[in-house]
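Trainee: Take this structure first; my questions come after.
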Amino acid sequence: MPQSAEKVLDHAPLFREPEYQAMFANKKAMFECGVATEAVDAQSEYTKSWDYREKNLARESLVVNPAKACQPLGAVFAAAGFERTMSFVHGSQGCVAYYRSHLSRHFKEPCSAVSSSMTEDAAVFGGLNNMVDGLANTYALYEPKMIAVSTTCMAEVIGDDLQSFIQTAKDKKSVPQEFDVPFAHTPAFVGSHVDGYDVMIKGTLEHFWKGVERKPNGRINIVPGFDGFCVGNNRELKRVLDLMGVDYTLISDASDQFDTPSDGEYRMYDGGTKLDDVKEALNSKATISLQHWNTRKTLDYAAARGQDTASFHYPMGVRATDELLMKVSELSGKAIPEALRLERGRLVDAMADSQAYLHGKKYAIYGDPDFVTAMARFVMETGGEPVHCLATNGTKHWEEELRPILDASPFGKDGKIWAGKDLWHLRSLLFTEPVDFLIGSSYGKYLERDTGTPLIRLTFPIFDRHHHHRFPLWGYQGALRVLTTILDKHFDKYDHDTVIAGKTDYSFDLTR
Amino acid sequence: MSSAQQRAQALFNEPACDTNKAKDATARKKGCSKPLTPGAAAGGCAFDGAKIVLQPITDAAHLIHGALACEGNSWDNRGSASSGPSLWRRSFTTDLTELDVVMGQGEKKLFKAIREIVEAHRPPAVFVYSTCVTALIGDDLDAVCFRAAERFGVPVVPVHAAGFVGSKNLGNKLAGEALLDHVIGSVDPDDVSDMDVNIIGEFNLVGEFWAVKPLIEALGMRIRACIPGDARYIDVAGAHTARANMMVCSTALINLARKIEERWGIPFFEGSFYGVSDTSDALRQLARLLVDQGADGELLVRTEALIAEEERRVWNRLAPYRERLAGKRVLLNTGGVKSWSVVAALQEIGMEIVGTMTKKSTDEDKERIKALLKNEKHAFDSLAPRDLYAKLAGGEADIMLSGGRTQFIALKAKTPWLDINQERAYPYAGYDGMVELVKRIDLEIHNPIWAQVREPAPWMDGAAPSPTTGDADFVARTRKKFASATVDEMGEC
């Protein structure tokens, strides 16, 4: 027997033992009634062809391996960035378990969120009772300072009205009348997590700003957007803004919530934007968004309240950081300090040092629209070619905006933009128009396996590598990190390709 | 006078070296590299130089007798390539410690180390390198090597180039002496022919000799030994039976070529595989020498036919680059690499040479420079780092080609730079190598990072203290940083 009490084998080696292999072969031959291996191989080969690609791209109804998540995930993430705030998702509890595990697996941190646990009776009679009981329980059990309500599809399909439900719950003393319960309708069948982020932020601002008179001051509000790297990014952003001496408020900052220390104390809530600061943020001179496609409604609302607004696409890379700093400098009247000019110079120096290795490299990039735009720009700054830019939650407007950015560079003019396409489309694209590297999330590992394109993990979700999110991608320091990550993958591949002793190791060099 | 000094003196008196011939007796006695300045930055030592020359002999074991650092810091730091054995990249050292030094256990340890190598690897030979520590405590390398060879039945070659003996270049030459004293002529091959040649001073960096080897073999010549690039010990040991030698890096090994000629009557010529016309010349001269030595005259016809065909092919491949590179200005800081035909090839696709160094060029080379360059002032004997910096910072060139040591002068002066020396990742030798070089220049010049490098941060106005190219003060200030650096320490090869 391959398994014994003295040395118990894990499943990975166990199923490679001859007994198991024989059993699998037997099962396949006797019971599976499958087609011949040749037929499977032929079909597998066919999926690599241009012919298949055209059929694949002509797909109308089926989505295979979408690179997006649903609205409430964005809403839960947005809510996690406020002081002692519990996410309360009105609907069925299974959805919420997904958001929690999704965020936990990425951040390697606990993630708290509750649902109104709607069941069949709620679906028939409406979820009001679940809201009333749920808010009361949440308030009593978890002692939040604010409960941020969003919705799952279930509540949206039956048409529950959050505003009146919450008011009714307060009237029934679930929570005190003055207790903060902002809300957002976040049906998963509309948009994606970036839109859920948007409406939750907007809902929170509306909750605090509605009916309040604005007394403008010189402060700047900054909305970071949905960002799996918020831990590293927000801290870097704050460091840079502090260096400049800017007076600012981050609207939703989950950097501490998703990075709590192990010191014996469990923190259900940590850090986040103070609720008083959110109230006060109405008076700020301007609200700027670091991810345009995450914040369109939020910015409209801020503009409607009389604030200046500006938006960026994930400030990563030299130019993108330049643009952010100059805008902040312009709005705040604070000069960009020498320290940042030096950091910029060091980044440019590092890029020049390594440029020969990155020049002309071809990339496929996927992720949220802002990330893809930012990554494509940075890749072009290093002399790389963004050949495929894909965002499942990218819109036609996103495509129209990115096109001229690519066209403006000789490195981007041949790049293709795939708005609304999924990772199974990308599989065909990688087979027919191969690239050197794939940039995306952990889900890209299946593409890496199938197509052999090395995957560089630089965006949410990253489940199978640890702690990347603790380092920034934004700003000049962040760009250095991105540069190093790309280079590491390049050099790893270089080594891997030259590693066979006595065959290819004549180029297995110590110095690269 | 110690024997090490005598040896060094003999090497300095190199009759085949044009520079040496032009010197008077006193200058000759001073040697070919300037004495090192204590306190000033300097390059590698004689040990390093010897190891560079011998280590590419791929099937031999290379044992460094000394404290750990000599081998530890230099382990596998050169880009020579092997088509077979990998033993040469294994790091062997006696790793002497304090007690070994105090108690004088070095020789015993060395003997045991040789035995362990022979037992474990059965190499065709073991090279044993002395280092400062073992030379100072007086370990008798010759005796140990002699006894070990006798006992284990394997050639054990002592290499006397402890670091303090002198410069890296001297170490190159001392390694050549070790080959002459112990290796070359020790084996008589049984397949000698009148088409056998040796290539001396070719290191097969990034495998670039493999771009040339097929051409030589296509002509019916046989490479008895390429010393040291991708060499096998037995081939080097039989190198004395070749009919002609080509000397590639004469700076390193001119003594070897000359003494082989003296001892075994094998004529040599100095040539290079860098650039189109130099590659053609090298093939032509190899053929000529062989025919002079008695090979069939038909070889010359075959050679011309091959050259014509290859040149046509390479110019066709280079043509597309003209559009992208015409008018671009190149500064060549090539040190030991003879590259006049690189100049010719770059000019052929429309690039302009705004500077080149002639310090290591012969009178004949200088004549060719005059013929090639529109402006004679663009030929410099040598440029001190500070002048190099000033030229680049002044925007006089679009790219500098040089070795790694002047890399950062270019980068800090915001100028694209291409490594054409030993740490580069791409082969440039032969006809196809020239195409690779031009392709690399193209990529380098057109990388978008240079626009970023040259521009100040976008929030800086012209008045701000930004190191723009036109800022004379900045250039002057920064020049000072390089002021104490000498040309030699930035030297290449």
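Residues are referred to by chain and number: the chain letter is A, B, ... according to the order shown in the structure tokens, the number counts from 1 in that chain, and ligands are numbered separately from 1 in the order shown.
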Set out as a tab-separated table a contact list for chain B and chain A with a cut-off of 8 Å, giving each residue of chain B that qualifies its closest atom pair and distance in Å to one decimal, counting only C-alpha atoms, ordered by chain and rising residue number.

Mentor:
residue	atom	partner	partner_atom	distance
B:Asp76	CA	A:Leu510	CA	6.3
B:Asn77	CA	A:Leu510	CA	6.4
B:Gly79	CA	A:Asp509	CA	6.9
B:Ala81	CA	A:Tyr506	CA	5.2
B:Ser82	CA	A:Tyr506	CA	5.6
B:Ser83	CA	A:Tyr506	CA	6.9
B:Gly84	CA	A:Gly502	CA	6.2
B:Pro85	CA	A:Gly502	CA	6.8
B:Ser86	CA	A:Gly502	CA	6.8
B:Val206	CA	A:Ser507	CA	7.1
B:Leu411	CA	A:Ala352	CA	7.4
B:Glu423	CA	A:Thr511	CA	7.8
B:Ala425	CA	A:Arg512	CA	7.6
B:Leu443	CA	A:His359	CA	6.8
B:Glu444	CA	A:Ala356	CA	6.6
B:Asn447	CA	A:Gly383	CA	5.4
B:Pro448	CA	A:Gly383	CA	5.6
B:Ile449	CA	A:Glu381	CA	6.1
B:Trp450	CA	A:Ala352	CA	7.2
B:Gln452	CA	A:Val348	CA	6.8
B:Val453	CA	A:Val348	CA	6.0
B:Ala457	CA	A:Arg341	CA	6.6
B:Pro458	CA	A:Asp322	CA	7.0
B:Trp459	CA	A:Met326	CA	6.6

Trainee: A:Asn221: which residues within 9 Å, counting only C-alpha atoms, same-chain residues fewer than 5 positions away excluded, as a PyMOL selection string?

Mentor: chain A and resi 247-251+281-282+284-289

Trainee: Excluding B:Val435 and its own-chain neighbours fewer than 2 positions away, which residues fall within 10 Å of it when counting only C-alpha atoms? Please give them as a VMD selection string.

Mentor: chain B and resid 275 to 276 314 to 319 321 345 427 to 433 437 to 441

Trainee: Find the residues near stretch 123-125 of chain B: any atom within 12 Å, counting only C-alpha atoms, skip ones fewer than 6 places away on the same chain, and give them as a PDB file with C-alpha atoms, in the first residue's frame.

Mentor:
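Written output follows (selection_15.pdb):
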ATOM      1  CA  LEU B  54      42.698  30.339 -17.588  1.00  0.00           C
ATOM      2  CA  GLN B  55      39.299  29.633 -16.157  1.00  0.00           C
ATOM      3  CA  ILE B  57      39.347  26.082 -20.038  1.00  0.00           C
ATOM      4  CA  THR B  58      36.169  24.252 -19.317  1.00  0.00           C
ATOM      5  CA  ASP B  59      37.072  20.682 -18.406  1.00  0.00           C
ATOM      6  CA  ALA B  60      39.862  21.592 -15.991  1.00  0.00           C
ATOM      7  CA  ALA B  61      39.435  22.104 -12.277  1.00  0.00           C
ATOM      8  CA  HIS B  62      40.494  25.531 -11.038  1.00  0.00           C
ATOM      9  CA  LEU B  63      41.642  25.498  -7.443  1.00  0.00           C
ATOM     10  CA  PRO B  85      31.914  20.562 -19.433  1.00  0.00           C
ATOM     11  CA  SER B  86      30.859  22.691 -16.521  1.00  0.00           C
ATOM     12  CA  LEU B  87      33.634  21.826 -14.091  1.00  0.00           C
ATOM     13  CA  TRP B  88      35.337  25.180 -14.716  1.00  0.00           C
ATOM     14  CA  ARG B  90      32.699  24.895  -9.896  1.00  0.00           C
ATOM     15  CA  ILE B 114      44.102  18.420  -5.163  1.00  0.00           C
ATOM     16  CA  ARG B 115      43.627  14.792  -4.204  1.00  0.00           C
ATOM     17  CA  GLU B 116      39.974  15.338  -3.382  1.00  0.00           C
ATOM     18  CA  ILE B 117      39.385  17.079  -6.680  1.00  0.00           C
ATOM     19  CA  CYS B 145      51.932  20.790  -7.738  1.00  0.00           C
ATOM     20  CA  ALA B 148      50.611  16.010  -6.705  1.00  0.00           C
ATOM     21  CA  ALA B 149      50.952  15.523 -10.443  1.00  0.00           C
ATOM     22  CA  PHE B 152      47.792  11.397  -8.912  1.00  0.00           C
ATOM     23  CA  GLY B 153      48.851  11.095 -12.516  1.00  0.00           C
ATOM     24  CA  VAL B 154      47.109  14.310 -13.569  1.00  0.00           C
ATOM     25  CA  PRO B 155      48.775  17.520 -14.769  1.00  0.00           C
ATOM     26  CA  VAL B 156      48.705  20.061 -11.931  1.00  0.00           C
ATOM     27  CA  VAL B 157      49.590  23.525 -13.155  1.00  0.00           C
ATOM     28  CA  PRO B 158      50.841  26.159 -10.705  1.00  0.00           C
ATOM     29  CA  LEU B 179      50.415  27.774 -20.211  1.00  0.00           C
ATOM     30  CA  HIS B 182      53.385  23.650 -18.189  1.00  0.00           C
ATOM     31  CA  VAL B 183      50.658  23.039 -20.758  1.00  0.00           C
ATOM     32  CA  SER B 186      52.799  18.597 -23.283  1.00  0.00           C
ATOM     33  CA  VAL B 187      50.596  16.454 -25.527  1.00  0.00           C
ATOM     34  CA  ARG B 232      39.465  21.666 -23.562  1.00  0.00           C
ATOM     35  CA  TYR B 233      42.709  21.066 -21.727  1.00  0.00           C
ATOM     36  CA  ILE B 234      44.016  18.514 -24.178  1.00  0.00           C
ATOM     37  CA  ASP B 235      43.494  20.870 -27.111  1.00  0.00           C
ATOM     38  CA  VAL B 236      45.453  23.612 -25.384  1.00  0.00           C
ATOM     39  CA  ALA B 237      48.161  21.082 -24.551  1.00  0.00           C
TER      40      ALA B 237
END

Trainee: What parts of stretch 217-362 of chain A does DSSP call strand (DSSP E or B)? I'd like the answer as a list in words.

Mentor: Ile220, Asn221, Ile222, Val223, Tyr248, Thr249, Leu250, Thr273, Ala286, Thr287, Ile288, Ser289, Gln291, Asp308, Thr309, Ala310, Ser311, His313, Met316 and Lys362 of chain A

Trainee: Please produce a file of the residues just selected, as a PDB file, in the first residue's frame, where the atoms kept are C-alpha atoms.

Mentor:
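As a result, part_5.pdb now contains:
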ATOM      1  CA  ILE A 220      -8.606  68.112  -0.306  1.00  0.00           C
ATOM      2  CA  ASN A 221     -10.594  64.879  -0.202  1.00  0.00           C
ATOM      3  CA  ILE A 222      -9.010  61.873  -1.815  1.00  0.00           C
ATOM      4  CA  VAL A 223     -10.966  58.779  -2.810  1.00  0.00           C
ATOM      5  CA  TYR A 248      -6.263  66.192   3.187  1.00  0.00           C
ATOM      6  CA  THR A 249      -8.862  63.589   4.084  1.00  0.00           C
ATOM      7  CA  LEU A 250      -8.793  60.108   2.657  1.00  0.00           C
ATOM      8  CA  THR A 273     -11.611  57.435   8.017  1.00  0.00           C
ATOM      9  CA  ALA A 286     -11.930  69.598  -3.797  1.00  0.00           C
ATOM     10  CA  THR A 287     -12.465  65.854  -4.069  1.00  0.00           C
ATOM     11  CA  ILE A 288     -10.069  63.902  -6.231  1.00  0.00           C
ATOM     12  CA  SER A 289     -10.382  60.292  -7.211  1.00  0.00           C
ATOM     13  CA  GLN A 291      -9.482  55.651  -9.896  1.00  0.00           C
ATOM     14  CA  ASP A 308     -13.655  70.974  -7.494  1.00  0.00           C
ATOM     15  CA  THR A 309     -13.087  67.476  -8.773  1.00  0.00           C
ATOM     16  CA  ALA A 310     -10.372  65.638 -10.624  1.00  0.00           C
ATOM     17  CA  SER A 311      -9.755  61.979 -11.338  1.00  0.00           C
ATOM     18  CA  HIS A 313      -6.251  56.216 -13.314  1.00  0.00           C
ATOM     19  CA  MET A 316       1.413  54.138 -10.975  1.00  0.00           C
ATOM     20  CA  LYS A 362       5.215  42.280 -24.996  1.00  0.00           C
TER      21      LYS A 362
END

Trainee: Env of A:Ala136: 8 Å cut, atoms = only C-alpha atoms, seq-sep filter 6 positions within chain, self excluded. Answer as an NGL selection string.

Mentor: :A and (173-175)

Trainee: Would you mind telling me which residue in B:Phe268, B:Phe47, B:Phe111, B:Phe203 lies nearest to B:Cys249 when using only C-alpha atoms?

Mentor: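 That would be B:Phe203, the residue with the smallest distance to B:Cys249.
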
Trainee: When you look at B:Gly271 with a cut-off of 8 Å (counting only C-alpha atoms), what residues show up, excluding the ones that are within fewer than 2 positions of it in the same chain? I need them as a short mmCIF file (atom, residue, chain, number, x, y, z; two decimals) with C-alpha atoms, in the first residue's frame.

Mentor:
data_model
loop_
_atom_site.label_atom_id
_atom_site.label_comp_id
_atom_site.auth_asym_id
_atom_site.auth_seq_id
_atom_site.Cartn_x
_atom_site.Cartn_y
_atom_site.Cartn_z
CA MET B 246 45.30 34.38 -34.65
CA MET B 247 45.82 36.82 -31.78
CA VAL B 248 42.49 38.35 -30.77
CA PHE B 269 48.66 37.88 -36.78
CA PHE B 273 36.00 39.49 -35.02
CA ASP B 278 37.60 42.96 -39.43
CA ASP B 281 40.21 40.39 -42.68
CA ALA B 282 40.61 37.80 -39.96
#

Trainee: Could you tell me how far atom CA of B:Ala225 sits from atom CA of B:Asn169, in Å to one decimal place?

Mentor: 21.9 Å

Trainee: If you run DSSP on the backbone, which residues of stretch 247-479 of chain B are helix (DSSP H, G or I), as a PyMOL selection string?

Mentor: chain B and resi 250-264+276-292+298-318+321-325+340-348+363-372+376-378+385-393+404-412+430-445+449-454+472-479

Trainee: Determine the nearest neighbour of B:Ala308 from the options B:Asn198, B:Asn333, B:Thr279, B:Thr26, counting only C-alpha atoms.

Mentor: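 That would be B:Thr279, the residue with the smallest distance to B:Ala308.
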